[in-house]
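Undergrad: Coordinates in run19.cif, mmCIF, C-alpha atoms, are listed below.
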data_model
loop_
_atom_site.label_atom_id
_atom_site.label_comp_id
_atom_site.auth_asym_id
_atom_site.auth_seq_id
_atom_site.Cartn_x
_atom_site.Cartn_y
_atom_site.Cartn_z
CA MET A 45 26.87 69.65 -38.64
CA ILE A 46 25.25 68.63 -35.35
CA ILE A 47 22.49 66.81 -37.22
CA PHE A 48 25.11 65.09 -39.36
CA LEU A 49 26.94 63.89 -36.26
CA LEU A 50 23.70 62.70 -34.65
CA THR A 51 22.72 60.68 -37.71
CA GLN A 52 26.16 59.09 -37.77
CA PHE A 53 25.95 57.98 -34.14
CA VAL A 54 24.97 54.31 -34.13
CA TYR A 55 23.88 52.40 -31.05
CA ALA A 56 24.97 48.82 -30.43
CA ASP A 57 21.63 47.45 -31.65
CA GLY A 58 21.99 49.23 -34.98
CA GLU A 59 19.66 52.16 -34.27
CA THR A 60 20.89 55.68 -34.83
CA ALA A 61 20.14 58.58 -32.48
CA LEU A 62 17.42 59.81 -34.83
CA SER A 63 15.95 56.46 -35.76
CA GLN A 64 13.94 54.00 -33.73
CA THR A 65 12.83 50.44 -34.19
CA VAL A 66 9.05 50.14 -34.20
CA SER A 67 8.21 46.80 -32.71
CA ASP A 68 4.63 47.37 -31.63
CA ALA A 69 1.43 48.93 -32.93
CA ARG A 70 1.30 51.46 -30.11
CA LYS A 71 4.59 53.01 -31.23
CA ALA A 72 3.51 53.00 -34.88
CA ILE A 73 0.30 54.85 -33.96
CA GLU A 74 2.27 57.35 -31.89
CA ILE A 75 4.54 58.12 -34.86
CA ALA A 76 1.59 58.35 -37.26
CA ARG A 77 -0.29 60.65 -34.90
CA ASP A 78 2.66 62.95 -34.48
CA TYR A 79 3.25 63.07 -38.24
CA ALA A 80 -0.45 63.68 -38.99
CA ALA A 81 -0.59 66.62 -36.59
CA ARG A 82 2.61 68.18 -37.96
CA SER A 83 2.32 67.52 -41.66
CA MET A 84 -1.28 66.70 -42.56
CA ARG A 85 -3.17 69.45 -40.71
CA ALA A 86 -4.89 66.77 -38.64
CA SER A 87 -5.68 68.85 -35.57
CA TYR A 88 -8.34 66.40 -34.45
CA TRP A 89 -7.46 62.77 -34.28
CA GLY A 90 -10.39 60.36 -34.49
CA ASP A 91 -10.26 56.60 -34.23
CA VAL A 92 -7.53 54.22 -35.37
CA LEU A 93 -9.29 52.01 -37.88
CA GLU A 94 -6.43 49.68 -38.74
CA CYS A 95 -2.86 49.11 -37.59
CA GLU A 96 -0.88 46.18 -38.90
CA ILE A 97 2.25 45.18 -40.79
CA ASP A 98 1.47 45.56 -44.48
CA LYS A 99 2.12 42.26 -46.29
CA GLN A 100 3.39 43.91 -49.46
CA THR A 101 5.75 46.51 -48.04
CA ASN A 102 6.49 45.09 -44.58
CA ASP A 103 5.88 48.54 -43.14
CA TRP A 104 3.47 49.43 -40.36
CA LYS A 105 0.26 50.57 -41.97
CA VAL A 106 -1.84 52.87 -39.78
CA VAL A 107 -5.30 53.84 -41.01
CA PHE A 108 -7.09 56.45 -38.95
CA ALA A 109 -9.74 59.18 -39.03
CA ALA A 110 -8.65 62.78 -38.61
CA SER A 111 -10.01 66.26 -39.10
CA PRO A 112 -8.26 69.59 -39.70
CA GLY A 113 -10.76 71.73 -37.78
CA LEU A 114 -13.56 71.76 -35.27
CA LEU A 115 -16.26 72.21 -37.89
CA ASP A 116 -14.65 70.02 -40.55
CA PRO A 117 -15.69 66.41 -41.03
CA TYR A 118 -13.37 63.51 -40.33
CA TYR A 119 -11.56 61.93 -43.24
CA LYS A 120 -9.69 58.66 -43.54
CA CYS A 121 -5.89 58.65 -43.85
CA GLU A 122 -3.18 56.05 -44.08
CA ILE A 123 0.41 56.34 -43.02
CA PHE A 124 3.18 53.81 -43.63
CA VAL A 125 5.91 53.67 -41.01
CA ASP A 126 9.24 51.96 -41.57
CA PRO A 127 9.56 49.37 -38.76
CA ASN A 128 13.36 49.60 -38.79
CA THR A 129 13.82 53.36 -38.62
CA GLY A 130 10.47 54.74 -37.44
CA SER A 131 10.37 57.13 -40.38
CA VAL A 132 7.16 57.84 -42.26
CA LYS A 133 7.53 56.45 -45.77
CA ARG A 134 4.16 57.39 -47.21
CA ALA A 135 1.14 59.34 -46.03
CA ARG A 136 -2.09 60.13 -47.81
CA ARG A 137 -5.71 60.97 -47.36
CA ILE A 138 -7.80 58.02 -48.58
CA GLU A 139 -11.23 59.57 -48.65
CA ARG A 140 -13.18 62.55 -47.41
CA MET B 47 -8.71 62.43 -24.46
CA THR B 48 -11.82 60.25 -24.40
CA PHE B 49 -13.91 59.99 -27.53
CA VAL B 50 -17.61 59.42 -27.30
CA GLU B 51 -18.97 56.95 -29.83
CA PRO B 52 -20.89 58.63 -32.68
CA ILE B 53 -24.20 57.04 -31.65
CA HIS B 54 -24.00 58.67 -28.19
CA ARG B 55 -22.75 62.06 -29.40
CA LYS B 56 -26.12 63.36 -30.57
CA GLN B 57 -27.75 62.44 -27.29
CA ARG B 58 -25.05 64.16 -25.21
CA ALA B 59 -24.98 67.20 -27.47
CA ARG B 60 -28.75 67.57 -27.15
CA ALA B 61 -28.49 67.28 -23.36
CA TYR B 62 -25.97 70.13 -23.37
CA LEU B 63 -28.25 72.20 -25.60
CA ASP B 64 -31.20 71.64 -23.25
CA GLN B 65 -29.03 72.70 -20.34
CA SER B 66 -27.86 75.77 -22.24
CA LEU B 67 -31.43 76.84 -22.99
CA GLU B 68 -32.48 76.21 -19.40
CA TYR B 69 -29.72 78.51 -18.13
CA PHE B 70 -30.68 81.14 -20.67
CA GLU B 71 -34.37 80.96 -19.77
CA ASN B 72 -33.50 81.42 -16.09
CA THR B 73 -31.70 84.71 -16.77
CA PRO B 74 -34.84 86.94 -16.77
CA ASN B 75 -35.74 85.61 -13.30
CA ALA B 76 -32.39 86.82 -11.98
CA PHE B 77 -33.00 90.19 -13.68
CA GLU B 78 -36.37 90.43 -11.94
CA ASP B 79 -34.72 89.61 -8.62
CA GLY B 80 -32.24 92.47 -9.25
CA ASN B 81 -29.33 90.04 -9.12
CA PRO B 82 -26.75 90.86 -11.84
CA GLU B 83 -24.23 88.31 -10.51
CA LYS B 84 -26.69 85.45 -10.78
CA ALA B 85 -27.93 86.64 -14.17
CA GLY B 86 -24.34 86.79 -15.45
CA GLU B 87 -23.66 83.30 -14.16
CA PHE B 88 -26.70 81.98 -16.01
CA LEU B 89 -25.56 83.68 -19.22
CA TRP B 90 -22.04 82.30 -18.93
CA GLY B 91 -23.47 78.85 -18.14
CA SER B 92 -25.59 79.05 -21.24
CA VAL B 93 -22.57 79.90 -23.45
CA ALA B 94 -20.34 77.29 -21.81
CA THR B 95 -22.81 74.44 -22.24
CA ALA B 96 -23.59 75.52 -25.82
CA LEU B 97 -19.85 75.37 -26.59
CA LYS B 98 -19.76 71.91 -25.00
CA ALA B 99 -22.65 70.92 -27.25
CA VAL B 100 -20.80 72.02 -30.41
CA VAL B 101 -17.62 70.16 -29.47
CA MET B 102 -19.55 67.03 -28.50
CA ALA B 103 -21.63 67.07 -31.69
CA LYS B 104 -18.70 67.75 -34.01
CA LYS B 105 -15.84 65.89 -32.40
CA GLY B 106 -17.26 63.66 -29.66
CA THR B 107 -15.03 65.11 -26.97
CA GLU B 108 -15.60 66.98 -23.72
CA ILE B 109 -14.27 70.41 -22.77
CA ARG B 110 -12.39 69.73 -19.55
CA SER B 111 -10.80 73.04 -18.60
CA HIS B 112 -11.67 76.71 -18.63
CA SER B 113 -8.82 77.53 -21.01
CA GLN B 114 -10.34 75.13 -23.55
CA PHE B 115 -13.42 77.37 -23.82
CA TRP B 116 -11.13 80.16 -25.03
CA GLU B 117 -9.39 77.88 -27.50
CA ILE B 118 -12.70 76.63 -28.90
CA ALA B 119 -14.08 80.18 -29.21
CA GLN B 120 -10.93 81.21 -31.07
CA GLU B 121 -11.11 78.19 -33.33
CA LEU B 122 -14.79 78.73 -34.16
CA THR B 123 -14.05 82.37 -34.95
CA ARG B 124 -11.19 81.35 -37.24
CA GLU B 125 -13.21 78.68 -39.01
CA THR B 126 -16.41 80.67 -39.48
CA GLY B 127 -14.77 84.07 -39.92
CA ASP B 128 -17.33 85.45 -37.47
CA VAL B 129 -15.41 87.66 -35.02
CA SER B 130 -18.51 88.20 -32.90
CA ILE B 131 -18.20 84.64 -31.61
CA TYR B 132 -14.93 85.46 -29.88
CA GLU B 133 -16.09 88.90 -28.75
CA SER B 134 -19.35 87.63 -27.27
CA HIS B 135 -17.54 84.75 -25.61
CA LYS B 136 -15.18 87.25 -24.03
CA GLU B 137 -18.14 89.24 -22.78
CA ALA B 138 -19.80 86.12 -21.35
CA ASN B 139 -16.55 85.27 -19.60
CA SER B 140 -16.47 88.72 -17.98
CA LEU B 141 -19.96 88.01 -16.61
CA ARG B 142 -18.62 84.85 -15.08
CA SER B 143 -15.90 86.87 -13.35
CA ASN B 144 -18.56 89.30 -12.18
CA PHE B 145 -20.09 86.55 -10.08
CA TYR B 146 -17.05 86.92 -7.82
CA ASP B 147 -16.18 90.60 -8.37
CA SER B 148 -19.66 92.22 -8.45
CA ARG B 149 -18.47 95.13 -10.60
CA LEU B 150 -21.23 95.18 -13.20
CA SER B 151 -24.67 96.70 -12.81
CA LEU B 152 -27.92 95.06 -13.82
CA ASP B 153 -28.02 97.25 -16.96
CA ASP B 154 -24.48 96.16 -17.93
CA VAL B 155 -25.51 92.54 -17.75
CA LYS B 156 -28.77 93.21 -19.60
CA ASN B 157 -26.82 94.86 -22.43
CA SER B 158 -24.47 91.90 -22.64
CA SER B 159 -27.36 89.45 -22.67
CA LYS B 160 -28.41 90.59 -26.16
CA LYS B 161 -25.02 89.74 -27.67
CA ILE B 162 -24.87 86.52 -25.71
CA ALA B 163 -28.32 85.49 -26.94
CA GLU B 164 -26.99 85.86 -30.49
CA LEU B 165 -23.94 83.78 -29.67
CA VAL B 166 -26.00 81.00 -28.08
CA LYS B 167 -28.27 81.02 -31.12
CA LYS B 168 -25.25 80.58 -33.43
CA LEU B 169 -23.82 77.78 -31.30
CA ILE B 170 -27.17 76.01 -31.26
CA GLY B 171 -27.27 76.30 -35.06
CA LEU B 172 -23.79 74.78 -35.40
CA THR B 173 -24.75 71.94 -33.07
CA GLU B 174 -28.05 71.26 -34.82
CA ASN B 175 -26.23 71.07 -38.16
CA ALA B 176 -23.80 68.54 -36.79
CA VAL B 177 -26.47 66.46 -35.12
CA LYS B 178 -28.45 66.33 -38.38
CA ASP B 179 -25.52 64.73 -40.28
#
Written as structure tokens, how would this file's structure read?

TA:
Amino acid sequence: MIIFLLTQFVYADGETALSQTVSDARKAIEIARDYAARSMRASYWGDVLECEIDKQTNDWKVVFAASPGLLDPYYKCEIFVDPNTGSVKRARRIER
Amino acid sequence: MTFVEPIHRKQRARAYLDQSLEYFENTPNAFEDGNPEKAGEFLWGSVATALKAVVMAKKGTEIRSHSQFWEIAQELTRETGDVSIYESHKEANSLRSNFYDSRLSLDDVKNSSKKIAELVKKLIGLTENAVKD
């Protein structure tokens, strides 16, 4: 119920309490990093290889290197972040 | 957290390994001097710098706090399944404390040094593997 109420609360600029507009790359990387750590077992974050607005989807596309463990190698991942809500729309490992 | 570029990682990791071996090789001198505190400090130093070497070689980052050594030892134990890594690290850490407490005898430290030698050897192996890649 509380979550329902929070999602219904809309600020004057159109954002809800649980959404956020992503206007810069720094914010997009922050969201991607947080998501990768929570949902992709990316304990070790490497370098950001790419961060730009994807021409096809208009989402923030963040490509980065990450690793699940100290002894594991880094692999390349990409995460798409909705610029209007800050939600992660798609996330996948590109290569090992 | 600062990441070291891959081309510099090997060099830094090797420097840590050299330091680790130097500490370890100094331990017998402290035994000969009858100084368990100093010997324990050398052994801990050897383990600490070997752990720094592994983290530098694998992830290009520095260990910045004492609590991180514990976290890394736990993580290595989890990932390799080798419980002796954590146990020997714990023992090395007690030698570090002994530098201030002076509770352990020379024989205690000598006994620990065997396990710690094994640990340092394993950590060197992990680093060498990473540096080879």

Undergrad: Report as a PyMOL selection string the residues that result from applying the PyMOL selection byres ((chain B) within 8 of (chain A)) to the structure here.

TA: chain B and resi 49+101+104-105+121-122+125

Undergrad: Using the selection just defined, write its residues with C-alpha atoms as an mmCIF file, in the frame of the given file.

TA:
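Now in out.cif:
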data_model
loop_
_atom_site.group_PDB
_atom_site.id
_atom_site.type_symbol
_atom_site.label_atom_id
_atom_site.label_comp_id
_atom_site.auth_asym_id
_atom_site.auth_seq_id
_atom_site.Cartn_x
_atom_site.Cartn_y
_atom_site.Cartn_z
ATOM 1 C CA PHE B 49 -13.910 59.990 -27.530
ATOM 2 C CA VAL B 101 -17.620 70.160 -29.470
ATOM 3 C CA LYS B 104 -18.700 67.750 -34.010
ATOM 4 C CA LYS B 105 -15.840 65.890 -32.400
ATOM 5 C CA GLU B 121 -11.110 78.190 -33.330
ATOM 6 C CA LEU B 122 -14.790 78.730 -34.160
ATOM 7 C CA GLU B 125 -13.210 78.680 -39.010
#

Undergrad: Quick one: pull the distance between CA of Gln57 in chain B and CA of Gly106 in chain B, Å, one decimal.

TA: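 For CA of Gln57 in chain B relative to CA of Gly106 in chain B, the distance reads 10.8 Å.
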
Undergrad: Which residues match the PyMOL selection byres ((chain A and resi 131) around 10) in the file above, as a count of residues only?

TA: 19

Undergrad: Which residue, B:Ser148, B:Ser111, B:Asn72, B:Asn175, has the smallest gap to Lys56 in chain B when you use all atoms listed in the file?

TA: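 Looking at the shortest contact to Lys56 in chain B, the residue is B:Asn175.
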
Undergrad: Please work out which residues fall within 10 Å of (-27.9, 88.3, -9.2), coordinates as given in the file, with all atoms listed in the file counting, and return them as a PyMOL selection string.

TA: chain B and resi 73+75-88+144-145+148+151-152+155

Undergrad: Output C-alpha atoms of each residue in that selection to a file, as a PDB file, in the coordinates of the input.

TA:
ATOM      1  CA  THR B  73     -31.700  84.710 -16.770  1.00  0.00           C
ATOM      2  CA  ASN B  75     -35.740  85.610 -13.300  1.00  0.00           C
ATOM      3  CA  ALA B  76     -32.390  86.820 -11.980  1.00  0.00           C
ATOM      4  CA  PHE B  77     -33.000  90.190 -13.680  1.00  0.00           C
ATOM      5  CA  GLU B  78     -36.370  90.430 -11.940  1.00  0.00           C
ATOM      6  CA  ASP B  79     -34.720  89.610  -8.620  1.00  0.00           C
ATOM      7  CA  GLY B  80     -32.240  92.470  -9.250  1.00  0.00           C
ATOM      8  CA  ASN B  81     -29.330  90.040  -9.120  1.00  0.00           C
ATOM      9  CA  PRO B  82     -26.750  90.860 -11.840  1.00  0.00           C
ATOM     10  CA  GLU B  83     -24.230  88.310 -10.510  1.00  0.00           C
ATOM     11  CA  LYS B  84     -26.690  85.450 -10.780  1.00  0.00           C
ATOM     12  CA  ALA B  85     -27.930  86.640 -14.170  1.00  0.00           C
ATOM     13  CA  GLY B  86     -24.340  86.790 -15.450  1.00  0.00           C
ATOM     14  CA  GLU B  87     -23.660  83.300 -14.160  1.00  0.00           C
ATOM     15  CA  PHE B  88     -26.700  81.980 -16.010  1.00  0.00           C
ATOM     16  CA  ASN B 144     -18.560  89.300 -12.180  1.00  0.00           C
ATOM     17  CA  PHE B 145     -20.090  86.550 -10.080  1.00  0.00           C
ATOM     18  CA  SER B 148     -19.660  92.220  -8.450  1.00  0.00           C
ATOM     19  CA  SER B 151     -24.670  96.700 -12.810  1.00  0.00           C
ATOM     20  CA  LEU B 152     -27.920  95.060 -13.820  1.00  0.00           C
ATOM     21  CA  VAL B 155     -25.510  92.540 -17.750  1.00  0.00           C
TER      22      VAL B 155
END

Undergrad: Counting all atoms listed in the file, figure out which residue out of A:Ile97, A:Ile123, A:Ala86, A:Ala109 gets nearest to Ala69 in chain A.

TA: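 Once distances to Ala69 in chain A are computed over all atoms listed in the file, the minimum belongs to A:Ile97.
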